[in-house]
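Structure file model.cif (mmCIF, C-alpha atoms) is printed below.
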```
data_input
loop_
_atom_site.group_PDB
_atom_site.id
_atom_site.type_symbol
_atom_site.label_atom_id
_atom_site.label_comp_id
_atom_site.auth_asym_id
_atom_site.auth_seq_id
_atom_site.Cartn_x
_atom_site.Cartn_y
_atom_site.Cartn_z
ATOM 1 C CA MET X 164 -15.070 -0.100 -17.510
ATOM 2 C CA PRO X 165 -13.770 3.459 -18.047
ATOM 3 C CA PHE X 166 -13.639 4.470 -14.378
ATOM 4 C CA GLU X 167 -11.388 1.608 -13.292
ATOM 5 C CA LEU X 168 -9.366 1.840 -16.505
ATOM 6 C CA GLY X 169 -8.552 5.482 -15.747
ATOM 7 C CA ILE X 170 -7.412 4.999 -12.149
ATOM 8 C CA PRO X 171 -3.771 3.960 -12.807
ATOM 9 C CA GLN X 172 -3.163 6.834 -15.214
ATOM 10 C CA ARG X 173 -4.794 9.313 -12.840
ATOM 11 C CA ILE X 174 -2.808 8.217 -9.767
ATOM 12 C CA PHE X 175 0.558 7.036 -11.116
ATOM 13 C CA GLY X 176 0.508 9.618 -13.887
ATOM 14 C CA ARG X 177 0.302 12.478 -11.350
ATOM 15 C CA ALA X 178 3.200 11.293 -9.171
ATOM 16 C CA ARG X 179 6.120 13.745 -9.424
ATOM 17 C CA ASP X 180 9.488 14.137 -7.712
ATOM 18 C CA ALA X 181 10.690 17.357 -6.056
ATOM 19 C CA GLU X 182 11.694 18.772 -9.472
ATOM 20 C CA GLY X 183 8.316 17.975 -11.007
ATOM 21 C CA ARG X 184 9.546 15.003 -13.053
ATOM 22 C CA PRO X 185 7.199 12.018 -13.571
ATOM 23 C CA LEU X 186 7.985 9.073 -11.315
ATOM 24 C CA TYR X 187 6.176 6.510 -13.461
ATOM 25 C CA ASP X 188 5.738 5.794 -17.138
ATOM 26 C CA VAL X 189 2.137 4.625 -17.531
ATOM 27 C CA VAL X 190 1.225 2.666 -20.669
ATOM 28 C CA THR X 191 -2.171 1.135 -21.434
ATOM 29 C CA CYS X 192 -2.362 -1.975 -23.593
ATOM 30 C CA SER X 193 -4.982 -4.372 -24.895
ATOM 31 C CA VAL X 194 -4.916 -8.156 -25.048
ATOM 32 C CA ARG X 195 -5.609 -7.672 -28.762
ATOM 33 C CA PRO X 196 -3.797 -5.771 -31.507
ATOM 34 C CA PRO X 197 -4.047 -1.958 -31.278
ATOM 35 C CA GLY X 198 -7.431 -0.521 -32.116
ATOM 36 C CA PRO X 199 -10.800 0.502 -30.660
ATOM 37 C CA VAL X 200 -11.982 -1.280 -27.525
ATOM 38 C CA ASP X 201 -15.620 -1.391 -26.422
ATOM 39 C CA THR X 202 -16.597 -0.186 -22.951
ATOM 40 C CA ASP X 203 -19.751 -0.429 -20.874
ATOM 41 C CA ALA X 204 -20.313 3.296 -21.510
ATOM 42 C CA ASP X 205 -21.618 4.972 -24.652
ATOM 43 C CA PHE X 206 -18.143 5.293 -26.140
ATOM 44 C CA ALA X 207 -15.187 3.144 -27.111
ATOM 45 C CA VAL X 208 -11.507 3.826 -26.353
ATOM 46 C CA LEU X 209 -8.646 3.669 -28.822
ATOM 47 C CA VAL X 210 -5.789 1.594 -27.391
ATOM 48 C CA GLU X 211 -2.522 2.050 -29.244
ATOM 49 C CA ASN X 212 -0.527 -0.791 -27.646
ATOM 50 C CA GLY X 213 -0.942 -4.545 -27.953
ATOM 51 C CA PRO X 214 -0.113 -7.330 -25.483
ATOM 52 C CA GLU X 215 3.603 -7.380 -26.335
ATOM 53 C CA THR X 216 3.847 -4.148 -24.312
ATOM 54 C CA LEU X 217 3.478 -6.239 -21.145
ATOM 55 C CA ALA X 218 7.078 -7.375 -21.606
ATOM 56 C CA THR X 219 8.211 -3.832 -20.724
ATOM 57 C CA ALA X 220 6.195 -3.432 -17.510
ATOM 58 C CA ASP X 221 7.687 -3.434 -14.034
ATOM 59 C CA THR X 222 4.154 -3.338 -12.614
ATOM 60 C CA LEU X 223 1.070 -4.780 -14.317
ATOM 61 C CA VAL X 224 -2.318 -3.404 -13.274
ATOM 62 C CA VAL X 225 -5.354 -5.443 -14.365
ATOM 63 C CA PRO X 226 -8.608 -3.441 -14.103
ATOM 64 C CA THR X 227 -12.019 -5.048 -14.092
ATOM 65 C CA SER X 228 -14.050 -5.896 -17.181
ATOM 66 C CA TYR X 229 -17.726 -6.391 -17.888
ATOM 67 C CA GLU X 230 -16.923 -9.330 -20.179
ATOM 68 C CA LEU X 231 -14.668 -11.861 -18.433
ATOM 69 C CA GLY X 232 -16.494 -14.910 -19.839
ATOM 70 C CA PRO X 233 -14.871 -18.211 -18.803
ATOM 71 C CA VAL X 234 -12.486 -16.372 -16.473
ATOM 72 C CA TYR X 235 -15.452 -15.412 -14.276
ATOM 73 C CA ASP X 236 -17.629 -18.460 -14.929
ATOM 74 C CA GLU X 237 -15.046 -21.252 -14.850
ATOM 75 C CA GLY X 238 -11.855 -19.738 -13.459
ATOM 76 C CA VAL X 239 -9.833 -20.369 -16.625
ATOM 77 C CA LEU X 240 -8.049 -17.919 -18.916
ATOM 78 C CA THR X 241 -9.197 -17.303 -22.448
ATOM 79 C CA PRO X 242 -6.544 -18.146 -25.069
ATOM 80 C CA GLU X 243 -5.926 -14.461 -25.806
ATOM 81 C CA LEU X 244 -5.483 -13.623 -22.114
ATOM 82 C CA ALA X 245 -3.099 -16.548 -21.653
ATOM 83 C CA ALA X 246 -1.102 -15.409 -24.682
ATOM 84 C CA ALA X 247 -0.998 -11.846 -23.391
ATOM 85 C CA LEU X 248 0.144 -12.821 -19.890
ATOM 86 C CA ALA X 249 2.892 -14.965 -21.402
ATOM 87 C CA HIS X 250 4.663 -11.660 -22.135
ATOM 88 C CA VAL X 251 4.861 -10.758 -18.434
ATOM 89 C CA ARG X 252 8.425 -10.976 -17.161
ATOM 90 C CA PRO X 253 9.302 -12.916 -13.966
ATOM 91 C CA GLY X 254 9.451 -10.517 -11.025
ATOM 92 C CA THR X 255 6.837 -8.132 -12.422
ATOM 93 C CA ARG X 256 4.679 -6.650 -9.673
ATOM 94 C CA LEU X 257 1.055 -7.719 -10.215
ATOM 95 C CA VAL X 258 -1.936 -5.589 -9.238
ATOM 96 C CA SER X 259 -5.679 -6.036 -9.744
ATOM 97 C CA ILE X 260 -8.576 -3.621 -9.370
ATOM 98 C CA CYS X 261 -11.987 -5.010 -8.398
ATOM 99 C CA THR X 262 -12.847 -8.190 -10.335
ATOM 100 C CA GLY X 263 -9.627 -7.933 -12.307
ATOM 101 C CA VAL X 264 -8.458 -10.310 -9.566
ATOM 102 C CA TYR X 265 -10.193 -13.149 -11.445
ATOM 103 C CA VAL X 266 -7.542 -12.840 -14.155
ATOM 104 C CA LEU X 267 -4.662 -13.090 -11.682
ATOM 105 C CA ALA X 268 -6.363 -16.017 -9.964
ATOM 106 C CA ALA X 269 -7.066 -17.891 -13.195
ATOM 107 C CA ALA X 270 -3.417 -17.432 -14.163
ATOM 108 C CA GLY X 271 -2.335 -19.094 -10.893
ATOM 109 C CA TYR X 272 -0.632 -16.025 -9.441
ATOM 110 C CA LEU X 273 -2.735 -16.091 -6.256
ATOM 111 C CA ASP X 274 -2.600 -19.768 -5.276
ATOM 112 C CA GLY X 275 -2.121 -20.028 -1.517
ATOM 113 C CA ARG X 276 -2.110 -16.260 -1.106
ATOM 114 C CA PRO X 277 -4.515 -13.686 0.371
ATOM 115 C CA ALA X 278 -6.636 -11.573 -1.966
ATOM 116 C CA THR X 279 -9.709 -9.372 -2.057
ATOM 117 C CA THR X 280 -12.262 -8.237 -4.603
ATOM 118 C CA HIS X 281 -15.597 -6.415 -4.737
ATOM 119 C CA TRP X 282 -17.712 -7.506 -1.765
ATOM 120 C CA ALA X 283 -20.565 -8.533 -4.080
ATOM 121 C CA SER X 284 -18.260 -11.024 -5.860
ATOM 122 C CA ALA X 285 -16.307 -12.271 -2.845
ATOM 123 C CA GLU X 286 -18.351 -15.416 -2.158
ATOM 124 C CA HIS X 287 -18.375 -16.409 -5.820
ATOM 125 C CA PHE X 288 -14.649 -15.752 -6.083
ATOM 126 C CA GLN X 289 -13.941 -17.903 -3.014
ATOM 127 C CA ARG X 290 -16.035 -20.793 -4.353
ATOM 128 C CA LEU X 291 -14.310 -20.618 -7.731
ATOM 129 C CA PHE X 292 -10.812 -20.389 -6.222
ATOM 130 C CA PRO X 293 -10.854 -22.250 -2.873
ATOM 131 C CA GLN X 294 -7.050 -22.257 -2.782
ATOM 132 C CA ILE X 295 -7.020 -18.457 -2.298
ATOM 133 C CA ARG X 296 -7.544 -16.830 1.115
ATOM 134 C CA VAL X 297 -10.260 -14.251 0.385
ATOM 135 C CA ASP X 298 -10.790 -11.280 2.708
ATOM 136 C CA ALA X 299 -13.922 -9.387 1.692
ATOM 137 C CA ASP X 300 -13.693 -6.763 4.447
ATOM 138 C CA VAL X 301 -10.602 -4.815 3.386
ATOM 139 C CA LEU X 302 -10.085 -2.114 0.756
ATOM 140 C CA PHE X 303 -6.926 -3.766 -0.558
ATOM 141 C CA ILE X 304 -4.327 -6.403 0.251
ATOM 142 C CA ASP X 305 -0.587 -5.910 -0.169
ATOM 143 C CA ASP X 306 1.091 -9.308 -0.343
ATOM 144 C CA GLY X 307 4.433 -7.982 -1.528
ATOM 145 C CA ASP X 308 4.695 -8.623 -5.243
ATOM 146 C CA VAL X 309 0.967 -9.240 -5.705
ATOM 147 C CA LEU X 310 -1.638 -6.684 -4.624
ATOM 148 C CA THR X 311 -5.418 -6.797 -4.980
ATOM 149 C CA SER X 312 -8.109 -4.181 -4.367
ATOM 150 C CA ALA X 313 -11.766 -4.292 -3.482
ATOM 151 C CA GLY X 314 -14.434 -2.844 -5.727
ATOM 152 C CA VAL X 315 -14.257 0.171 -8.022
ATOM 153 C CA ALA X 316 -12.908 3.204 -6.116
ATOM 154 C CA ALA X 317 -10.826 0.967 -3.849
ATOM 155 C CA GLY X 318 -8.469 0.876 -6.829
ATOM 156 C CA ILE X 319 -7.629 4.493 -5.973
ATOM 157 C CA ASP X 320 -6.732 3.457 -2.426
ATOM 158 C CA LEU X 321 -4.485 0.676 -3.699
ATOM 159 C CA CYS X 322 -2.712 2.829 -6.288
ATOM 160 C CA LEU X 323 -2.100 5.574 -3.708
ATOM 161 C CA HIS X 324 -0.727 2.897 -1.393
ATOM 162 C CA LEU X 325 1.711 1.819 -4.105
ATOM 163 C CA VAL X 326 2.860 5.416 -4.649
ATOM 164 C CA ARG X 327 3.313 5.729 -0.884
ATOM 165 C CA ARG X 328 5.251 2.459 -0.792
ATOM 166 C CA ASP X 329 7.451 3.419 -3.724
ATOM 167 C CA HIS X 330 8.081 7.097 -3.020
ATOM 168 C CA GLY X 331 6.827 7.989 0.442
ATOM 169 C CA THR X 332 3.925 9.721 2.112
ATOM 170 C CA ALA X 333 4.651 13.232 0.804
ATOM 171 C CA VAL X 334 4.400 12.188 -2.860
ATOM 172 C CA ALA X 335 1.270 10.103 -2.254
ATOM 173 C CA ASN X 336 -0.366 12.929 -0.310
ATOM 174 C CA ASP X 337 0.361 15.354 -3.143
ATOM 175 C CA VAL X 338 -1.288 13.009 -5.660
ATOM 176 C CA ALA X 339 -4.272 12.598 -3.332
ATOM 177 C CA ARG X 340 -4.684 16.352 -2.964
ATOM 178 C CA ARG X 341 -4.567 16.844 -6.728
ATOM 179 C CA THR X 342 -7.130 14.082 -7.153
ATOM 180 C CA VAL X 343 -9.275 15.504 -4.335
ATOM 181 C CA VAL X 344 -9.457 12.225 -2.429
ATOM 182 C CA PRO X 345 -8.247 11.304 1.066
ATOM 183 C CA PRO X 346 -4.661 10.004 1.028
ATOM 184 C CA HIS X 347 -5.750 7.105 3.204
ATOM 185 C CA ARG X 348 -9.245 5.800 3.942
ATOM 186 C CA ASP X 349 -9.840 4.100 7.260
ATOM 187 C CA GLY X 350 -11.548 0.756 7.523
ATOM 188 C CA GLY X 351 -12.542 -1.572 4.755
ATOM 189 C CA GLN X 352 -15.399 -2.641 2.505
ATOM 190 C CA ALA X 353 -17.526 -3.698 5.454
ATOM 191 C CA GLN X 354 -18.579 -0.116 6.043
ATOM 192 C CA TYR X 355 -20.027 0.058 2.499
ATOM 193 C CA VAL X 356 -21.907 -3.217 2.305
ATOM 194 C CA HIS X 357 -24.952 -2.605 4.460
ATOM 195 C CA ARG X 358 -25.029 1.111 5.285
ATOM 196 C CA PRO X 359 -22.852 3.390 3.116
ATOM 197 C CA VAL X 360 -23.871 6.501 5.067
ATOM 198 C CA PRO X 361 -24.864 6.577 8.757
ATOM 199 C CA GLU X 362 -28.531 7.363 9.289
ATOM 200 C CA PRO X 363 -28.932 11.122 9.855
ATOM 201 C CA GLN X 364 -30.323 10.841 13.375
ATOM 202 C CA VAL X 365 -27.834 8.231 14.580
ATOM 203 C CA ALA X 366 -24.843 9.604 16.474
ATOM 204 C CA THR X 367 -21.494 9.009 14.774
ATOM 205 C CA THR X 368 -17.960 8.723 16.080
ATOM 206 C CA SER X 369 -16.435 11.427 13.882
ATOM 207 C CA ALA X 370 -16.021 13.902 16.743
ATOM 208 C CA ALA X 371 -14.067 11.342 18.737
ATOM 209 C CA ARG X 372 -11.768 10.682 15.797
ATOM 210 C CA ALA X 373 -11.147 14.404 15.301
ATOM 211 C CA TRP X 374 -10.492 14.771 19.029
ATOM 212 C CA ALA X 375 -7.988 11.897 18.996
ATOM 213 C CA LEU X 376 -6.158 13.168 15.901
ATOM 214 C CA GLY X 377 -5.492 16.430 17.726
ATOM 215 C CA ARG X 378 -3.672 14.680 20.573
ATOM 216 C CA LEU X 379 -2.009 11.582 19.136
ATOM 217 C CA ASN X 380 1.097 12.353 21.188
ATOM 218 C CA GLU X 381 -0.872 11.858 24.401
ATOM 219 C CA PRO X 382 -2.115 8.652 26.017
ATOM 220 C CA ILE X 383 -5.654 8.030 24.716
ATOM 221 C CA GLN X 384 -7.948 5.566 26.415
ATOM 222 C CA LEU X 385 -11.017 4.007 24.858
ATOM 223 C CA ARG X 386 -13.222 5.542 27.530
ATOM 224 C CA ASP X 387 -11.823 8.995 26.672
ATOM 225 C CA MET X 388 -12.932 8.609 23.064
ATOM 226 C CA ALA X 389 -16.337 7.263 24.118
ATOM 227 C CA GLU X 390 -16.853 10.291 26.364
ATOM 228 C CA GLN X 391 -16.441 12.618 23.367
ATOM 229 C CA GLU X 392 -19.608 11.086 21.934
ATOM 230 C CA SER X 393 -21.395 10.661 25.302
ATOM 231 C CA MET X 394 -21.583 6.925 24.723
ATOM 232 C CA SER X 395 -20.781 3.893 26.816
ATOM 233 C CA VAL X 396 -17.541 2.154 25.874
ATOM 234 C CA ARG X 397 -19.498 -0.819 24.552
ATOM 235 C CA THR X 398 -21.801 1.278 22.352
ATOM 236 C CA PHE X 399 -18.942 3.443 21.128
ATOM 237 C CA THR X 400 -16.811 0.426 20.186
ATOM 238 C CA ARG X 401 -19.671 -1.140 18.246
ATOM 239 C CA ARG X 402 -20.571 2.103 16.473
ATOM 240 C CA PHE X 403 -16.914 2.876 15.696
ATOM 241 C CA ARG X 404 -16.403 -0.519 14.068
ATOM 242 C CA GLU X 405 -19.600 -0.110 12.032
ATOM 243 C CA GLU X 406 -18.423 3.252 10.702
ATOM 244 C CA ALA X 407 -14.669 2.760 10.349
ATOM 245 C CA GLY X 408 -14.484 -0.977 9.696
ATOM 246 C CA ILE X 409 -11.819 -1.475 12.384
ATOM 247 C CA SER X 410 -11.603 -1.183 16.160
ATOM 248 C CA PRO X 411 -10.701 2.126 17.876
ATOM 249 C CA GLY X 412 -7.367 0.653 18.956
ATOM 250 C CA GLN X 413 -6.474 -0.427 15.419
ATOM 251 C CA TRP X 414 -7.478 2.985 14.126
ATOM 252 C CA LEU X 415 -5.297 4.792 16.686
ATOM 253 C CA THR X 416 -2.290 2.633 15.847
ATOM 254 C CA ARG X 417 -2.771 3.294 12.136
ATOM 255 C CA GLN X 418 -2.961 7.061 12.681
ATOM 256 C CA ARG X 419 0.183 6.975 14.807
ATOM 257 C CA VAL X 420 2.031 4.990 12.171
ATOM 258 C CA GLU X 421 1.061 7.604 9.570
ATOM 259 C CA ARG X 422 2.173 10.425 11.875
ATOM 260 C CA ALA X 423 5.507 8.684 12.432
ATOM 261 C CA ARG X 424 6.007 8.199 8.692
ATOM 262 C CA HIS X 425 5.357 11.864 8.040
ATOM 263 C CA LEU X 426 7.794 12.975 10.753
ATOM 264 C CA LEU X 427 10.492 10.537 9.635
ATOM 265 C CA GLU X 428 10.222 11.857 6.078
ATOM 266 C CA SER X 429 9.808 15.560 6.725
ATOM 267 C CA SER X 430 11.740 16.359 9.922
ATOM 268 C CA ASP X 431 15.162 15.927 11.497
ATOM 269 C CA LEU X 432 13.706 14.877 14.846
ATOM 270 C CA SER X 433 15.450 11.966 16.545
ATOM 271 C CA VAL X 434 13.744 8.585 16.428
ATOM 272 C CA ASP X 435 13.002 8.912 20.148
ATOM 273 C CA GLN X 436 11.302 12.281 19.607
ATOM 274 C CA VAL X 437 9.332 10.992 16.618
ATOM 275 C CA ALA X 438 8.135 8.101 18.797
ATOM 276 C CA ARG X 439 6.949 10.529 21.472
ATOM 277 C CA ASP X 440 5.291 12.938 19.031
ATOM 278 C CA ALA X 441 3.491 10.094 17.265
ATOM 279 C CA GLY X 442 2.201 8.725 20.554
ATOM 280 C CA PHE X 443 4.197 5.504 20.715
ATOM 281 C CA GLY X 444 6.039 6.609 23.830
ATOM 282 C CA THR X 445 9.285 4.784 23.154
ATOM 283 C CA ALA X 446 11.440 4.139 20.108
ATOM 284 C CA GLN X 447 11.174 0.405 20.751
ATOM 285 C CA SER X 448 7.365 0.543 20.648
ATOM 286 C CA MET X 449 7.419 2.565 17.431
ATOM 287 C CA ARG X 450 9.956 0.193 15.911
ATOM 288 C CA GLN X 451 7.689 -2.765 16.595
ATOM 289 C CA HIS X 452 4.634 -1.060 15.116
ATOM 290 C CA LEU X 453 6.432 0.160 11.983
ATOM 291 C CA GLN X 454 7.995 -3.241 11.477
ATOM 292 C CA ALA X 455 4.539 -4.843 11.694
ATOM 293 C CA ALA X 456 2.865 -2.264 9.428
ATOM 294 C CA LEU X 457 5.625 -1.531 6.904
ATOM 295 C CA GLY X 458 8.164 -4.312 7.267
ATOM 296 C CA VAL X 459 11.035 -1.894 7.990
ATOM 297 C CA THR X 460 12.566 -0.118 10.966
ATOM 298 C CA PRO X 461 12.187 3.662 11.502
ATOM 299 C CA THR X 462 15.842 4.231 10.594
ATOM 300 C CA THR X 463 15.545 2.242 7.369
ATOM 301 C CA TYR X 464 12.306 4.010 6.446
ATOM 302 C CA ARG X 465 13.848 7.446 6.985
ATOM 303 C CA ARG X 466 16.980 6.554 5.037
ATOM 304 C CA THR X 467 14.903 5.235 2.136
ATOM 305 C CA PHE X 468 12.429 8.065 1.783
ATOM 306 C CA ARG X 469 14.524 11.029 2.834
ATOM 307 C CA ALA X 470 17.071 9.967 0.222
ATOM 308 C CA GLY X 471 14.526 8.840 -2.368
ATOM 309 C CA ALA X 472 12.122 11.766 -2.332
ATOM 310 C CA GLY X 473 14.238 13.783 -4.735
ATOM 311 C CA GLY X 474 13.731 11.609 -7.767
ATOM 312 C CA ARG X 475 14.192 7.901 -7.255
ATOM 313 C CA ASP X 476 13.320 5.980 -10.393
ATOM 314 C CA GLY X 477 10.003 4.287 -9.822
ATOM 315 C CA GLY X 478 10.079 2.122 -12.910
ATOM 316 C CA GLY X 479 7.233 1.716 -15.364
ATOM 317 C CA VAL X 480 3.643 0.822 -14.766
ATOM 318 C CA GLY X 481 1.845 -1.053 -17.521
ATOM 319 C CA THR X 482 -1.928 -1.038 -17.228
ATOM 320 C CA GLY X 483 -3.541 -3.961 -18.970
ATOM 321 C CA PRO X 484 -7.343 -3.912 -19.071
ATOM 322 C CA VAL X 485 -8.900 -7.307 -19.576
ATOM 323 C CA GLY X 486 -11.684 -8.869 -21.643
ATOM 324 C CA ASN X 487 -13.433 -6.441 -23.989
ATOM 325 C CA ALA X 488 -12.331 -3.575 -21.782
ATOM 326 C CA GLY X 489 -8.760 -4.040 -22.828
#
```
Rewrite the structure of this file - the entire thing - as structure tokens.
Amino acid sequence: MPFELGIPQRIFGRARDAEGRPLYDVVTCSVRPPGPVDTDADFAVLVENGPETLATADTLVVPTSYELGPVYDEGVLTPELAAALAHVRPGTRLVSICTGVYVLAAAGYLDGRPATTHWASAEHFQRLFPQIRVDADVLFIDDGDVLTSAGVAAGIDLCLHLVRRDHGTAVANDVARRTVVPPHRDGGQAQYVHRPVPEPQVATTSAARAWALGRLNEPIQLRDMAEQESMSVRTFTRRFREEAGISPGQWLTRQRVERARHLLESSDLSVDQVARDAGFGTAQSMRQHLQAALGVTPTTYRRTFRAGAGGRDGGGVGTGPVGNAG
């Protein structure tokens, strides 16, 4: 599927250091020898690299395919997919976009781990792979060395997340601006399943979110946000979750974490001042939230990304489309 196939090149291929040097080497390969590959569009793509290229990848991205065959129907790899994945080195970071997760699951990479996929395939995926903990509500799941995204455009969210994880918020934000997408989307797939766009005459919670973003450094109560929309707390909480996919409290914490990351990367403010400006109040509170969200302390995060923003080697990213799409 050309859209998903193009996401890794678009996102990783646009990541640059402060001197404008590429931070990733993106290579696309097929499970078959080099040559034309059919797509679900009215054109084919010419792939110049075969499966042996996977042996060079530090990160393997598996997009979705319209022709997964026994991988989708029975949860088993085709012989050519099994042969291709045999080239993957131990320690390679594994990533799937949309139903590309079926390939990782069939290969056994996800046993006992959390994963997501397109909401329309989530129930089928769970039945086929009961040993995997499926979460159909999120846009992506980062489980360390294995990451999975929800459907289609959620692959953009996941790839931007990887750029952010590898090289910091400033680089990821620059890629997002060049791609004309938000650097971080709130909520998960749940907001797209039943009602992609709020009904025109139904009040939304966007004004409350804009109001809160302008005063993250201040104490913000749920009732304060509800008042911005002239709603009861109960109605506001329900409407907010319908639109954002998460609770107002979770959303506020996420915004404050992002504010703290930006300040730690781009300013010389003390950790105490960053905590106050981001709305955490104390350094200890911020430390707990960053540890929970990022797995590192504020000091470690600043040391990593203030030092690494100038051109840390991000390694290579091999993108391996599956089935007839790769």
So which one's closest to Thr368 (chain X), X:Pro411, X:Gly169, X:Pro253, X:Gly232? Using all atoms listed in the file, please. X:Pro411
Rounded to one decimal in Å, what is the spacing between CA of Ala441 (chain X) and CA of Leu379 (chain X)?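 Straight-line distance from CA of Ala441 (chain X) to CA of Leu379 (chain X) works out to 6.0 Å.
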Using only C-alpha atoms, which residues sit within 9 Å of Ile295 (chain X) once same-chain residues fewer than 6 positions away are excluded, as a PDB file with C-alpha atoms, keeping the file's coordinate frame?
```pdb
ATOM      1  CA  ALA X 268      -6.363 -16.017  -9.964  1.00  0.00           C
ATOM      2  CA  LEU X 273      -2.735 -16.091  -6.256  1.00  0.00           C
ATOM      3  CA  ASP X 274      -2.600 -19.768  -5.276  1.00  0.00           C
ATOM      4  CA  GLY X 275      -2.121 -20.028  -1.517  1.00  0.00           C
ATOM      5  CA  ARG X 276      -2.110 -16.260  -1.106  1.00  0.00           C
ATOM      6  CA  PRO X 277      -4.515 -13.686   0.371  1.00  0.00           C
ATOM      7  CA  ALA X 278      -6.636 -11.573  -1.966  1.00  0.00           C
ATOM      8  CA  PHE X 288     -14.649 -15.752  -6.083  1.00  0.00           C
ATOM      9  CA  GLN X 289     -13.941 -17.903  -3.014  1.00  0.00           C
TER      10      GLN X 289
END
```
Residue contacts of region 238-249 of chain X (8 Å, only C-alpha atoms) excluding same-chain residues fewer than 4 positions away, as an mmCIF file with C-alpha atoms, in the frame of the given file:
```
data_model
loop_
_atom_site.group_PDB
_atom_site.id
_atom_site.type_symbol
_atom_site.label_atom_id
_atom_site.label_comp_id
_atom_site.auth_asym_id
_atom_site.auth_seq_id
_atom_site.Cartn_x
_atom_site.Cartn_y
_atom_site.Cartn_z
ATOM 1 C CA VAL X 194 -4.916 -8.156 -25.048
ATOM 2 C CA ARG X 195 -5.609 -7.672 -28.762
ATOM 3 C CA PRO X 214 -0.113 -7.330 -25.483
ATOM 4 C CA GLU X 215 3.603 -7.380 -26.335
ATOM 5 C CA LEU X 217 3.478 -6.239 -21.145
ATOM 6 C CA PRO X 233 -14.871 -18.211 -18.803
ATOM 7 C CA VAL X 234 -12.486 -16.372 -16.473
ATOM 8 C CA TYR X 265 -10.193 -13.149 -11.445
ATOM 9 C CA VAL X 266 -7.542 -12.840 -14.155
ATOM 10 C CA ALA X 268 -6.363 -16.017 -9.964
ATOM 11 C CA ALA X 269 -7.066 -17.891 -13.195
ATOM 12 C CA ALA X 270 -3.417 -17.432 -14.163
ATOM 13 C CA LEU X 291 -14.310 -20.618 -7.731
ATOM 14 C CA PHE X 292 -10.812 -20.389 -6.222
ATOM 15 C CA VAL X 485 -8.900 -7.307 -19.576
ATOM 16 C CA GLY X 486 -11.684 -8.869 -21.643
#
```
Taking the file above as input, evaluate the PyMOL selection byres ((chain X and resi 196-199) around 6) and report the hits as an MDAnalysis selection string. chainID X and resid 195 200 208:213
Please produce a file of those selected residues containing C-alpha atoms, as a short mmCIF file (atom, residue, chain, number, x, y, z; two decimals), keeping the file's coordinate frame.
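The resulting selection-v5.cif:
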```
data_model
loop_
_atom_site.label_atom_id
_atom_site.label_comp_id
_atom_site.auth_asym_id
_atom_site.auth_seq_id
_atom_site.Cartn_x
_atom_site.Cartn_y
_atom_site.Cartn_z
CA ARG X 195 -5.61 -7.67 -28.76
CA VAL X 200 -11.98 -1.28 -27.52
CA VAL X 208 -11.51 3.83 -26.35
CA LEU X 209 -8.65 3.67 -28.82
CA VAL X 210 -5.79 1.59 -27.39
CA GLU X 211 -2.52 2.05 -29.24
CA ASN X 212 -0.53 -0.79 -27.65
CA GLY X 213 -0.94 -4.54 -27.95
#
```
Evaluated on this file, the PyMOL selection byres ((chain X and resi 374) around 12) picks out some residues - which ones are they, written as a ChimeraX atom specification? /X:368-373,375-379,381,383,387-392,415
Expected file: the selected residues, C-alpha atoms, as a compact mmCIF listing (two decimals), in the coordinates of the input:
```txt
# COMPACT_ATOMS: atom_id res chain seq x y z
CA THR X 368 -17.96 8.72 16.08
CA SER X 369 -16.43 11.43 13.88
CA ALA X 370 -16.02 13.90 16.74
CA ALA X 371 -14.07 11.34 18.74
CA ARG X 372 -11.77 10.68 15.80
CA ALA X 373 -11.15 14.40 15.30
CA ALA X 375 -7.99 11.90 19.00
CA LEU X 376 -6.16 13.17 15.90
CA GLY X 377 -5.49 16.43 17.73
CA ARG X 378 -3.67 14.68 20.57
CA LEU X 379 -2.01 11.58 19.14
CA GLU X 381 -0.87 11.86 24.40
CA ILE X 383 -5.65 8.03 24.72
CA ASP X 387 -11.82 8.99 26.67
CA MET X 388 -12.93 8.61 23.06
CA ALA X 389 -16.34 7.26 24.12
CA GLU X 390 -16.85 10.29 26.36
CA GLN X 391 -16.44 12.62 23.37
CA GLU X 392 -19.61 11.09 21.93
CA LEU X 415 -5.30 4.79 16.69
```
When distances are computed from only C-alpha atoms, which of X:Val334, X:Thr216, X:Ala283, X:Phe166 shows the smallest separation from Pro185 (chain X)? X:Val334
